[in-house]
2 protein chains.
Amino acid sequence: MAKEPKQLADLFHDTLKDIYFAEKKILTALPKMAKAAQSEELRAAFQKHQAETEGQVERLEQVFEEIGEKPQGKTCDAIMGILDEGKEIMDEYKGSPALDAGLLAAAQAVEHYEISRYGTLCAWAEALGHAKAKTLLGETLDEEEATDEALSELAESAINQQAQAEAAE
Amino acid sequence: MAKEPKQLADLFHDTLKDIYFAEKKILTALPKMAKAAQSEELRAAFQKHQAETEGQVERLEQVFEEIGEKPQGKTCDAIMGILDEGKEIMDEYKGSPALDAGLLAAAQAVEHYEISRYGTLCAWAEALGHAKAKTLLGETLDEEEATDEALSELAESAINQQAQAEAAE
């Protein structure tokens, strides 16, 4: 029997597994990033996003249920690579006044990966007629965009402080 | 002699090397994605972005020059992971009517990585007083955002066609 060619529904399911794996990895990375952060505000931002990410994992589990599948992850090379770069920053910039700027950049790379994935998943959910799944994914997309914006604002103040400190040396 | 702690200027330089490496990897990936694309429009979009990416590499070389450094890449795990996922899609969805939707999603993940990096680099260039570098990086940021938008529009029409084909089966 010839194998059926994969369809958009399979692509949706595969990508759901990809982001489910990614979110769980992010949940293990965030406490390390919070611990490494120098400023109280950045630590608080990472802690807030940790709680939000837990909710996003639950939402993904609801989406799996909506399409009649069991929640399951699939290795996501992209998030592994993005988080590896974050680890590298934590090692190389430990004790550096530029550490927070680096952590913020790493966190924004994570957010942008998620924004691209949730944007795609929302469009596919709509095309496939999964209205409830689309709403759930859209809620997470909104959260990720808001987080990215909040990180941008923190980055502005972090780099300004850092640049001023360097100029005063 | 104690090692000087790294500064924002080092972070800027390191991240410049990261995206320089990434752009060059993207240049090798785009022709493969163009070849795999099923629709003429998607192939044309990848080819257009190939030419644009060549210009972005040149701009990065000018930025290196602006900060008195030689253009040099540094392995970027993030882009390797993102492009690996794209390769996986090309393999797993070869011959599938959902291939273009998958290629578009992969390309948008690449764009979002670049948007996050160029956004960060622009902010750092400004903080460090590299006005010319900021302008160059900002030009590329605008291009990446426009590309992401164009891909979103293509994605809409690709998935609609695909979903209609599936519904008609």
# chains A, B, ... in the order shown; residues from 1 in each chain; ligands from 1
$ interface_residues --of "chain B" --to "chain A" --cutoff "8 Å" --atoms "only C-alpha atoms" --output "number ranges by chain"
B: 5-8, 11, 76-85, 93, 95-98, 101-102, 105, 108-109, 112-113, 115-117, 120, 123-124, 127-128, 156, 159-160, 162-163, 166
$ write_last_selection --atoms "C-alpha atoms" --output "CSV table (one decimal), in the first residue's frame"
chain,number,residue,atom,x,y,z
B,5,PRO,CA,35.2,42.1,31.5
B,6,LYS,CA,33.4,42.2,28.2
B,7,GLN,CA,31.5,45.3,27.4
B,8,LEU,CA,28.5,46.2,25.2
B,11,LEU,CA,28.5,42.1,22.6
B,76,CYS,CA,25.3,30.6,15.0
B,77,ASP,CA,23.6,27.6,16.5
B,78,ALA,CA,20.2,29.2,16.2
B,79,ILE,CA,20.2,29.5,12.5
B,80,MET,CA,21.6,26.0,12.1
B,81,GLY,CA,18.7,24.7,14.1
B,82,ILE,CA,16.1,26.8,12.2
B,83,LEU,CA,17.5,25.7,8.8
B,84,ASP,CA,17.7,22.1,9.9
B,85,GLU,CA,13.9,22.2,10.6
B,93,TYR,CA,6.7,16.8,2.8
B,95,GLY,CA,5.5,15.6,-3.0
B,96,SER,CA,2.9,16.7,-0.4
B,97,PRO,CA,0.4,19.4,-1.3
B,98,ALA,CA,1.3,21.0,2.0
B,101,ALA,CA,2.9,25.9,3.5
B,102,GLY,CA,5.8,24.2,5.3
B,105,ALA,CA,6.6,28.6,7.8
B,108,GLN,CA,9.2,32.9,8.3
B,109,ALA,CA,11.0,31.4,11.3
B,112,HIS,CA,11.8,36.3,12.7
B,113,TYR,CA,15.3,35.3,13.9
B,115,ILE,CA,14.2,40.6,12.8
B,116,SER,CA,15.1,39.9,16.5
B,117,ARG,CA,18.9,40.1,15.8
B,120,THR,CA,18.8,44.3,18.9
B,123,ALA,CA,19.5,49.5,19.5
B,124,TRP,CA,23.0,48.7,20.4
B,127,ALA,CA,23.6,53.3,22.3
B,128,LEU,CA,27.3,52.9,21.2
B,156,GLU,CA,-2.6,32.9,3.2
B,159,ILE,CA,-2.9,27.4,2.7
B,160,ASN,CA,-6.3,28.4,1.3
B,162,GLN,CA,-4.4,23.5,0.1
B,163,ALA,CA,-7.3,23.5,2.5
B,166,GLU,CA,-8.3,18.7,1.0
$ calpha_fit_and_write --fixed "chain A" --moving "chain B" --output "short mmCIF file (atom, residue, chain, number, x, y, z; two decimals) with N, CA and C atoms, in the first residue's frame"
data_model
loop_
_atom_site.label_atom_id
_atom_site.label_comp_id
_atom_site.auth_asym_id
_atom_site.auth_seq_id
_atom_site.Cartn_x
_atom_site.Cartn_y
_atom_site.Cartn_z
N MET B 1 0.86 -1.20 -0.13
CA MET B 1 0.02 -0.01 -0.10
C MET B 1 0.91 1.25 -0.07
N ALA B 2 0.67 2.14 -0.99
CA ALA B 2 1.46 3.37 -1.04
C ALA B 2 1.13 4.24 0.16
N LYS B 3 2.18 4.92 0.65
CA LYS B 3 1.96 5.82 1.79
C LYS B 3 1.19 7.05 1.31
N GLU B 4 0.16 7.41 2.06
CA GLU B 4 -0.60 8.64 1.76
C GLU B 4 0.32 9.85 1.85
N PRO B 5 0.27 10.78 0.91
CA PRO B 5 1.09 11.98 1.11
C PRO B 5 0.55 12.78 2.29
N LYS B 6 1.48 13.43 2.97
CA LYS B 6 1.07 14.20 4.14
C LYS B 6 0.24 15.42 3.72
N GLN B 7 -0.63 15.84 4.60
CA GLN B 7 -1.54 16.95 4.32
C GLN B 7 -1.28 18.11 5.29
N LEU B 8 -2.01 19.20 5.07
CA LEU B 8 -1.89 20.37 5.95
C LEU B 8 -2.20 19.98 7.41
N ALA B 9 -3.13 19.08 7.59
CA ALA B 9 -3.48 18.64 8.95
C ALA B 9 -2.28 17.99 9.63
N ASP B 10 -1.47 17.25 8.86
CA ASP B 10 -0.27 16.63 9.43
C ASP B 10 0.77 17.69 9.79
N LEU B 11 0.87 18.69 8.90
CA LEU B 11 1.83 19.77 9.13
C LEU B 11 1.44 20.54 10.41
N PHE B 12 0.15 20.75 10.57
CA PHE B 12 -0.36 21.43 11.77
C PHE B 12 0.01 20.62 13.02
N HIS B 13 -0.23 19.33 12.96
CA HIS B 13 0.04 18.45 14.09
C HIS B 13 1.55 18.39 14.38
N ASP B 14 2.37 18.25 13.33
CA ASP B 14 3.84 18.21 13.50
C ASP B 14 4.36 19.50 14.14
N THR B 15 3.80 20.63 13.69
CA THR B 15 4.30 21.92 14.18
C THR B 15 3.83 22.16 15.62
N LEU B 16 2.68 21.61 15.94
CA LEU B 16 2.18 21.67 17.32
C LEU B 16 3.14 20.91 18.25
N LYS B 17 3.61 19.76 17.80
CA LYS B 17 4.57 18.97 18.59
C LYS B 17 5.88 19.73 18.76
N ASP B 18 6.27 20.43 17.69
CA ASP B 18 7.52 21.21 17.71
C ASP B 18 7.44 22.31 18.76
N ILE B 19 6.36 23.06 18.79
CA ILE B 19 6.27 24.19 19.72
C ILE B 19 5.99 23.68 21.14
N TYR B 20 5.36 22.54 21.27
CA TYR B 20 5.12 21.95 22.60
C TYR B 20 6.47 21.58 23.23
N PHE B 21 7.33 20.96 22.42
CA PHE B 21 8.68 20.64 22.88
C PHE B 21 9.42 21.93 23.24
N ALA B 22 9.29 22.94 22.36
CA ALA B 22 10.00 24.21 22.56
C ALA B 22 9.56 24.88 23.87
N GLU B 23 8.25 24.94 24.12
CA GLU B 23 7.76 25.60 25.34
C GLU B 23 8.30 24.90 26.59
N LYS B 24 8.37 23.58 26.52
CA LYS B 24 8.87 22.85 27.69
C LYS B 24 10.36 23.12 27.92
N LYS B 25 11.10 23.26 26.84
CA LYS B 25 12.53 23.60 26.97
C LYS B 25 12.67 25.02 27.55
N ILE B 26 11.81 25.91 27.08
CA ILE B 26 11.85 27.29 27.56
C ILE B 26 11.58 27.33 29.06
N LEU B 27 10.66 26.47 29.51
CA LEU B 27 10.33 26.39 30.94
C LEU B 27 11.54 26.00 31.77
N THR B 28 12.44 25.19 31.20
CA THR B 28 13.64 24.81 31.97
C THR B 28 14.72 25.90 31.87
N ALA B 29 14.68 26.69 30.79
CA ALA B 29 15.72 27.71 30.61
C ALA B 29 15.44 28.99 31.41
N LEU B 30 14.14 29.35 31.54
CA LEU B 30 13.80 30.63 32.16
C LEU B 30 14.31 30.81 33.60
N PRO B 31 14.23 29.79 34.46
CA PRO B 31 14.75 29.99 35.82
C PRO B 31 16.25 30.29 35.82
N LYS B 32 16.98 29.68 34.87
CA LYS B 32 18.43 29.94 34.79
C LYS B 32 18.69 31.38 34.33
N MET B 33 17.86 31.82 33.41
CA MET B 33 18.03 33.19 32.93
C MET B 33 17.66 34.19 34.02
N ALA B 34 16.61 33.88 34.79
CA ALA B 34 16.20 34.75 35.89
C ALA B 34 17.31 34.83 36.94
N LYS B 35 17.93 33.68 37.21
CA LYS B 35 19.00 33.64 38.21
C LYS B 35 20.21 34.46 37.74
N ALA B 36 20.48 34.40 36.45
CA ALA B 36 21.66 35.10 35.91
C ALA B 36 21.45 36.62 35.82
N ALA B 37 20.19 37.04 35.68
CA ALA B 37 19.90 38.47 35.45
C ALA B 37 20.47 39.35 36.56
N GLN B 38 21.05 40.48 36.17
CA GLN B 38 21.62 41.39 37.15
C GLN B 38 20.57 42.33 37.73
N SER B 39 19.67 42.81 36.88
CA SER B 39 18.69 43.78 37.38
C SER B 39 17.45 43.07 37.90
N GLU B 40 16.88 43.69 38.91
CA GLU B 40 15.67 43.18 39.54
C GLU B 40 14.53 43.12 38.53
N GLU B 41 14.44 44.15 37.68
CA GLU B 41 13.34 44.21 36.69
C GLU B 41 13.42 43.07 35.70
N LEU B 42 14.65 42.76 35.26
CA LEU B 42 14.79 41.70 34.27
C LEU B 42 14.45 40.35 34.92
N ARG B 43 14.92 40.17 36.16
CA ARG B 43 14.60 38.93 36.87
C ARG B 43 13.07 38.78 36.98
N ALA B 44 12.41 39.87 37.35
CA ALA B 44 10.95 39.83 37.50
C ALA B 44 10.27 39.53 36.16
N ALA B 45 10.82 40.09 35.08
CA ALA B 45 10.24 39.85 33.75
C ALA B 45 10.34 38.38 33.38
N PHE B 46 11.48 37.77 33.67
CA PHE B 46 11.65 36.35 33.36
C PHE B 46 10.73 35.49 34.22
N GLN B 47 10.56 35.88 35.48
CA GLN B 47 9.68 35.10 36.36
C GLN B 47 8.22 35.21 35.90
N LYS B 48 7.84 36.40 35.49
CA LYS B 48 6.47 36.60 35.00
C LYS B 48 6.26 35.73 33.75
N HIS B 49 7.27 35.72 32.87
CA HIS B 49 7.12 34.96 31.63
C HIS B 49 7.11 33.45 31.90
N GLN B 50 7.76 33.05 32.99
CA GLN B 50 7.74 31.64 33.38
C GLN B 50 6.29 31.20 33.67
N ALA B 51 5.60 32.01 34.47
CA ALA B 51 4.21 31.68 34.82
C ALA B 51 3.33 31.67 33.56
N GLU B 52 3.58 32.63 32.68
CA GLU B 52 2.82 32.74 31.44
C GLU B 52 3.07 31.51 30.56
N THR B 53 4.31 31.08 30.51
CA THR B 53 4.69 29.93 29.68
C THR B 53 3.97 28.66 30.17
N GLU B 54 3.83 28.55 31.49
CA GLU B 54 3.10 27.39 32.02
C GLU B 54 1.67 27.37 31.48
N GLY B 55 1.06 28.54 31.43
CA GLY B 55 -0.29 28.65 30.88
C GLY B 55 -0.31 28.32 29.39
N GLN B 56 0.75 28.67 28.69
CA GLN B 56 0.82 28.41 27.25
C GLN B 56 0.95 26.92 26.96
N VAL B 57 1.66 26.22 27.83
CA VAL B 57 1.78 24.76 27.70
C VAL B 57 0.39 24.14 27.87
N GLU B 58 -0.34 24.62 28.86
CA GLU B 58 -1.69 24.09 29.08
C GLU B 58 -2.60 24.35 27.88
N ARG B 59 -2.46 25.56 27.31
CA ARG B 59 -3.26 25.88 26.12
C ARG B 59 -2.93 24.93 24.97
N LEU B 60 -1.65 24.63 24.82
CA LEU B 60 -1.26 23.69 23.76
C LEU B 60 -1.89 22.32 24.00
N GLU B 61 -1.95 21.92 25.26
CA GLU B 61 -2.57 20.63 25.57
C GLU B 61 -4.05 20.63 25.19
N GLN B 62 -4.69 21.79 25.38
CA GLN B 62 -6.10 21.90 24.95
C GLN B 62 -6.21 21.82 23.42
N VAL B 63 -5.23 22.40 22.72
CA VAL B 63 -5.27 22.35 21.25
C VAL B 63 -5.10 20.90 20.77
N PHE B 64 -4.18 20.16 21.38
CA PHE B 64 -4.04 18.74 21.04
C PHE B 64 -5.38 18.03 21.22
N GLU B 65 -6.03 18.34 22.33
CA GLU B 65 -7.31 17.70 22.62
C GLU B 65 -8.33 18.05 21.54
N GLU B 66 -8.34 19.33 21.14
CA GLU B 66 -9.27 19.81 20.11
C GLU B 66 -9.15 19.02 18.80
N ILE B 67 -7.89 18.61 18.47
CA ILE B 67 -7.72 17.87 17.21
C ILE B 67 -7.67 16.36 17.45
N GLY B 68 -8.05 15.97 18.66
CA GLY B 68 -8.15 14.54 18.95
C GLY B 68 -6.81 13.82 19.05
N GLU B 69 -5.79 14.54 19.49
CA GLU B 69 -4.46 13.93 19.62
C GLU B 69 -3.96 14.05 21.04
N LYS B 70 -3.03 13.17 21.39
CA LYS B 70 -2.40 13.24 22.71
C LYS B 70 -1.27 14.26 22.68
N PRO B 71 -1.11 15.09 23.73
CA PRO B 71 0.00 16.05 23.75
C PRO B 71 1.33 15.30 23.66
N GLN B 72 2.14 15.72 22.73
CA GLN B 72 3.40 15.02 22.51
C GLN B 72 4.40 16.00 21.91
N GLY B 73 5.63 15.95 22.37
CA GLY B 73 6.66 16.84 21.82
C GLY B 73 7.48 16.14 20.76
N LYS B 74 8.19 16.94 19.98
CA LYS B 74 9.07 16.42 18.92
C LYS B 74 10.28 17.35 18.92
N THR B 75 11.47 16.78 18.98
CA THR B 75 12.68 17.61 19.11
C THR B 75 12.64 18.80 18.16
N CYS B 76 12.82 19.97 18.72
CA CYS B 76 12.80 21.21 17.94
C CYS B 76 14.22 21.76 17.91
N ASP B 77 14.91 21.51 16.79
CA ASP B 77 16.32 21.93 16.67
C ASP B 77 16.46 23.44 16.79
N ALA B 78 15.44 24.15 16.31
CA ALA B 78 15.51 25.61 16.33
C ALA B 78 15.63 26.14 17.76
N ILE B 79 14.75 25.69 18.64
CA ILE B 79 14.79 26.23 20.01
C ILE B 79 16.06 25.77 20.73
N MET B 80 16.53 24.55 20.41
CA MET B 80 17.78 24.08 21.03
C MET B 80 18.91 25.03 20.66
N GLY B 81 18.97 25.40 19.38
CA GLY B 81 20.03 26.31 18.92
C GLY B 81 19.90 27.68 19.55
N ILE B 82 18.67 28.19 19.61
CA ILE B 82 18.44 29.52 20.17
C ILE B 82 18.83 29.54 21.66
N LEU B 83 18.42 28.50 22.38
CA LEU B 83 18.73 28.45 23.82
C LEU B 83 20.23 28.22 24.06
N ASP B 84 20.88 27.47 23.16
CA ASP B 84 22.33 27.29 23.29
C ASP B 84 23.06 28.63 23.20
N GLU B 85 22.56 29.48 22.31
CA GLU B 85 23.18 30.80 22.20
C GLU B 85 23.00 31.60 23.48
N GLY B 86 21.84 31.43 24.11
CA GLY B 86 21.58 32.11 25.38
C GLY B 86 22.55 31.62 26.47
N LYS B 87 22.78 30.30 26.49
CA LYS B 87 23.71 29.73 27.47
C LYS B 87 25.12 30.29 27.26
N GLU B 88 25.50 30.41 25.99
CA GLU B 88 26.82 30.94 25.64
C GLU B 88 26.99 32.36 26.19
N ILE B 89 25.91 33.16 26.03
CA ILE B 89 25.95 34.54 26.56
C ILE B 89 26.14 34.51 28.08
N MET B 90 25.38 33.63 28.75
CA MET B 90 25.49 33.56 30.22
C MET B 90 26.91 33.20 30.65
N ASP B 91 27.57 32.33 29.88
CA ASP B 91 28.94 31.94 30.22
C ASP B 91 29.93 33.05 29.90
N GLU B 92 29.84 33.54 28.68
CA GLU B 92 30.85 34.49 28.21
C GLU B 92 30.73 35.88 28.84
N TYR B 93 29.52 36.23 29.28
CA TYR B 93 29.32 37.59 29.81
C TYR B 93 29.04 37.58 31.31
N LYS B 94 29.35 36.47 31.96
CA LYS B 94 29.18 36.40 33.41
C LYS B 94 30.04 37.49 34.04
N GLY B 95 29.44 38.29 34.90
CA GLY B 95 30.21 39.35 35.56
C GLY B 95 30.42 40.59 34.70
N SER B 96 29.95 40.54 33.46
CA SER B 96 30.10 41.71 32.59
C SER B 96 28.92 42.64 32.77
N PRO B 97 29.14 43.95 32.69
CA PRO B 97 28.01 44.87 32.79
C PRO B 97 27.06 44.75 31.59
N ALA B 98 27.50 44.05 30.53
CA ALA B 98 26.64 43.89 29.35
C ALA B 98 25.79 42.62 29.42
N LEU B 99 25.91 41.89 30.54
CA LEU B 99 25.18 40.61 30.62
C LEU B 99 23.68 40.75 30.40
N ASP B 100 23.05 41.70 31.06
CA ASP B 100 21.59 41.84 30.93
C ASP B 100 21.18 42.14 29.49
N ALA B 101 21.97 43.00 28.82
CA ALA B 101 21.66 43.31 27.42
C ALA B 101 21.71 42.02 26.60
N GLY B 102 22.68 41.16 26.88
CA GLY B 102 22.80 39.88 26.16
C GLY B 102 21.65 38.94 26.48
N LEU B 103 21.27 38.89 27.75
CA LEU B 103 20.14 38.03 28.15
C LEU B 103 18.85 38.49 27.48
N LEU B 104 18.68 39.80 27.41
CA LEU B 104 17.48 40.35 26.78
C LEU B 104 17.44 39.98 25.29
N ALA B 105 18.59 40.07 24.64
CA ALA B 105 18.65 39.73 23.22
C ALA B 105 18.31 38.25 23.03
N ALA B 106 18.83 37.41 23.91
CA ALA B 106 18.56 35.97 23.82
C ALA B 106 17.07 35.70 24.01
N ALA B 107 16.48 36.38 24.98
CA ALA B 107 15.06 36.18 25.25
C ALA B 107 14.21 36.67 24.08
N GLN B 108 14.64 37.75 23.44
CA GLN B 108 13.86 38.25 22.29
C GLN B 108 13.97 37.31 21.08
N ALA B 109 15.11 36.64 20.94
CA ALA B 109 15.23 35.65 19.87
C ALA B 109 14.24 34.51 20.11
N VAL B 110 14.09 34.11 21.37
CA VAL B 110 13.12 33.07 21.73
C VAL B 110 11.70 33.54 21.39
N GLU B 111 11.38 34.76 21.82
CA GLU B 111 10.03 35.30 21.57
C GLU B 111 9.71 35.33 20.08
N HIS B 112 10.70 35.77 19.29
CA HIS B 112 10.44 35.86 17.85
C HIS B 112 10.25 34.48 17.22
N TYR B 113 10.95 33.48 17.73
CA TYR B 113 10.71 32.13 17.22
C TYR B 113 9.26 31.74 17.51
N GLU B 114 8.83 32.01 18.72
CA GLU B 114 7.47 31.65 19.11
C GLU B 114 6.43 32.44 18.31
N ILE B 115 6.70 33.73 18.11
CA ILE B 115 5.75 34.55 17.34
C ILE B 115 5.59 33.97 15.94
N SER B 116 6.70 33.56 15.32
CA SER B 116 6.58 33.00 13.97
C SER B 116 5.79 31.69 13.99
N ARG B 117 6.06 30.84 14.97
CA ARG B 117 5.35 29.55 15.03
C ARG B 117 3.86 29.72 15.33
N TYR B 118 3.54 30.56 16.31
CA TYR B 118 2.12 30.73 16.66
C TYR B 118 1.35 31.44 15.55
N GLY B 119 2.04 32.37 14.85
CA GLY B 119 1.39 33.04 13.73
C GLY B 119 1.01 32.03 12.65
N THR B 120 1.96 31.15 12.35
CA THR B 120 1.72 30.09 11.37
C THR B 120 0.61 29.15 11.83
N LEU B 121 0.68 28.72 13.08
CA LEU B 121 -0.32 27.78 13.59
C LEU B 121 -1.72 28.38 13.59
N CYS B 122 -1.82 29.67 13.91
CA CYS B 122 -3.12 30.34 13.88
C CYS B 122 -3.71 30.29 12.48
N ALA B 123 -2.89 30.62 11.48
CA ALA B 123 -3.37 30.64 10.09
C ALA B 123 -3.81 29.24 9.66
N TRP B 124 -3.03 28.24 10.04
CA TRP B 124 -3.38 26.87 9.67
C TRP B 124 -4.64 26.39 10.39
N ALA B 125 -4.77 26.75 11.68
CA ALA B 125 -5.97 26.34 12.43
C ALA B 125 -7.21 26.91 11.75
N GLU B 126 -7.10 28.16 11.31
CA GLU B 126 -8.24 28.78 10.63
C GLU B 126 -8.56 28.05 9.32
N ALA B 127 -7.53 27.79 8.53
CA ALA B 127 -7.74 27.11 7.25
C ALA B 127 -8.34 25.72 7.44
N LEU B 128 -7.97 25.07 8.53
CA LEU B 128 -8.45 23.71 8.78
C LEU B 128 -9.79 23.69 9.50
N GLY B 129 -10.30 24.88 9.82
CA GLY B 129 -11.61 24.95 10.48
C GLY B 129 -11.59 24.63 11.96
N HIS B 130 -10.41 24.73 12.60
CA HIS B 130 -10.33 24.49 14.04
C HIS B 130 -10.50 25.82 14.78
N ALA B 131 -11.76 26.26 14.92
CA ALA B 131 -12.01 27.59 15.45
C ALA B 131 -11.52 27.75 16.89
N LYS B 132 -11.82 26.74 17.73
CA LYS B 132 -11.41 26.82 19.14
C LYS B 132 -9.89 26.84 19.25
N ALA B 133 -9.24 25.98 18.48
CA ALA B 133 -7.77 25.93 18.50
C ALA B 133 -7.20 27.27 18.06
N LYS B 134 -7.82 27.88 17.06
CA LYS B 134 -7.33 29.16 16.57
C LYS B 134 -7.39 30.22 17.68
N THR B 135 -8.50 30.22 18.42
CA THR B 135 -8.65 31.17 19.52
C THR B 135 -7.56 30.98 20.57
N LEU B 136 -7.33 29.73 20.95
CA LEU B 136 -6.31 29.42 21.96
C LEU B 136 -4.92 29.85 21.49
N LEU B 137 -4.59 29.50 20.26
CA LEU B 137 -3.27 29.84 19.72
C LEU B 137 -3.12 31.36 19.58
N GLY B 138 -4.23 32.02 19.25
CA GLY B 138 -4.20 33.47 19.12
C GLY B 138 -3.95 34.16 20.45
N GLU B 139 -4.50 33.58 21.53
CA GLU B 139 -4.27 34.15 22.87
C GLU B 139 -2.78 34.09 23.21
N THR B 140 -2.16 32.96 22.90
CA THR B 140 -0.72 32.84 23.18
C THR B 140 0.08 33.78 22.29
N LEU B 141 -0.31 33.87 21.02
CA LEU B 141 0.40 34.79 20.10
C LEU B 141 0.38 36.21 20.67
N ASP B 142 -0.78 36.65 21.16
CA ASP B 142 -0.87 38.00 21.74
C ASP B 142 0.08 38.15 22.93
N GLU B 143 0.12 37.12 23.77
CA GLU B 143 1.01 37.18 24.94
C GLU B 143 2.48 37.27 24.52
N GLU B 144 2.85 36.48 23.51
CA GLU B 144 4.26 36.49 23.08
C GLU B 144 4.63 37.86 22.51
N GLU B 145 3.70 38.45 21.77
CA GLU B 145 3.99 39.78 21.20
C GLU B 145 4.12 40.83 22.30
N ALA B 146 3.25 40.72 23.31
CA ALA B 146 3.33 41.67 24.43
C ALA B 146 4.64 41.48 25.19
N THR B 147 5.06 40.23 25.37
CA THR B 147 6.32 39.96 26.07
C THR B 147 7.49 40.54 25.30
N ASP B 148 7.48 40.35 23.98
CA ASP B 148 8.57 40.89 23.15
C ASP B 148 8.65 42.41 23.30
N GLU B 149 7.50 43.05 23.33
CA GLU B 149 7.47 44.51 23.47
C GLU B 149 8.01 44.94 24.84
N ALA B 150 7.59 44.22 25.88
CA ALA B 150 8.06 44.55 27.23
C ALA B 150 9.57 44.37 27.31
N LEU B 151 10.09 43.32 26.66
CA LEU B 151 11.54 43.08 26.67
C LEU B 151 12.27 44.19 25.92
N SER B 152 11.67 44.67 24.83
CA SER B 152 12.28 45.77 24.08
C SER B 152 12.43 47.01 24.96
N GLU B 153 11.39 47.28 25.75
CA GLU B 153 11.45 48.46 26.64
C GLU B 153 12.53 48.29 27.71
N LEU B 154 12.59 47.08 28.29
CA LEU B 154 13.63 46.81 29.28
C LEU B 154 15.01 46.95 28.65
N ALA B 155 15.12 46.48 27.40
CA ALA B 155 16.41 46.52 26.70
C ALA B 155 16.89 47.95 26.54
N GLU B 156 15.96 48.82 26.17
CA GLU B 156 16.29 50.25 26.02
C GLU B 156 16.95 50.78 27.28
N SER B 157 16.32 50.50 28.43
CA SER B 157 16.87 51.09 29.65
C SER B 157 18.16 50.36 30.05
N ALA B 158 18.23 49.05 29.82
CA ALA B 158 19.45 48.31 30.19
C ALA B 158 20.65 48.79 29.39
N ILE B 159 20.46 48.96 28.06
CA ILE B 159 21.64 49.34 27.27
C ILE B 159 22.00 50.80 27.51
N ASN B 160 21.02 51.63 27.83
CA ASN B 160 21.37 53.02 28.09
C ASN B 160 22.23 53.14 29.35
N GLN B 161 21.83 52.40 30.38
CA GLN B 161 22.62 52.41 31.61
C GLN B 161 24.03 51.93 31.34
N GLN B 162 24.12 50.84 30.57
CA GLN B 162 25.41 50.22 30.28
C GLN B 162 26.30 51.16 29.46
N ALA B 163 25.70 51.78 28.44
CA ALA B 163 26.47 52.67 27.58
C ALA B 163 26.97 53.88 28.38
N GLN B 164 26.12 54.37 29.30
CA GLN B 164 26.54 55.51 30.13
C GLN B 164 27.69 55.11 31.04
N ALA B 165 27.61 53.90 31.60
CA ALA B 165 28.67 53.42 32.48
C ALA B 165 29.98 53.32 31.72
N GLU B 166 29.89 52.84 30.45
CA GLU B 166 31.11 52.69 29.66
C GLU B 166 31.69 54.07 29.32
N ALA B 167 30.80 55.00 29.01
CA ALA B 167 31.26 56.34 28.63
C ALA B 167 31.92 57.04 29.82
N ALA B 168 31.47 56.71 31.03
CA ALA B 168 31.98 57.38 32.23
C ALA B 168 33.33 56.82 32.67
N GLU B 169 33.74 55.71 32.08
CA GLU B 169 34.99 55.06 32.51
C GLU B 169 36.23 55.88 32.17
#
$ select_by_dssp --residues "chain B" --states "alpha helix (DSSP H)" --output "ChimeraX atom specification"
/B:8-36,40-66,77-92,99-127,131-168
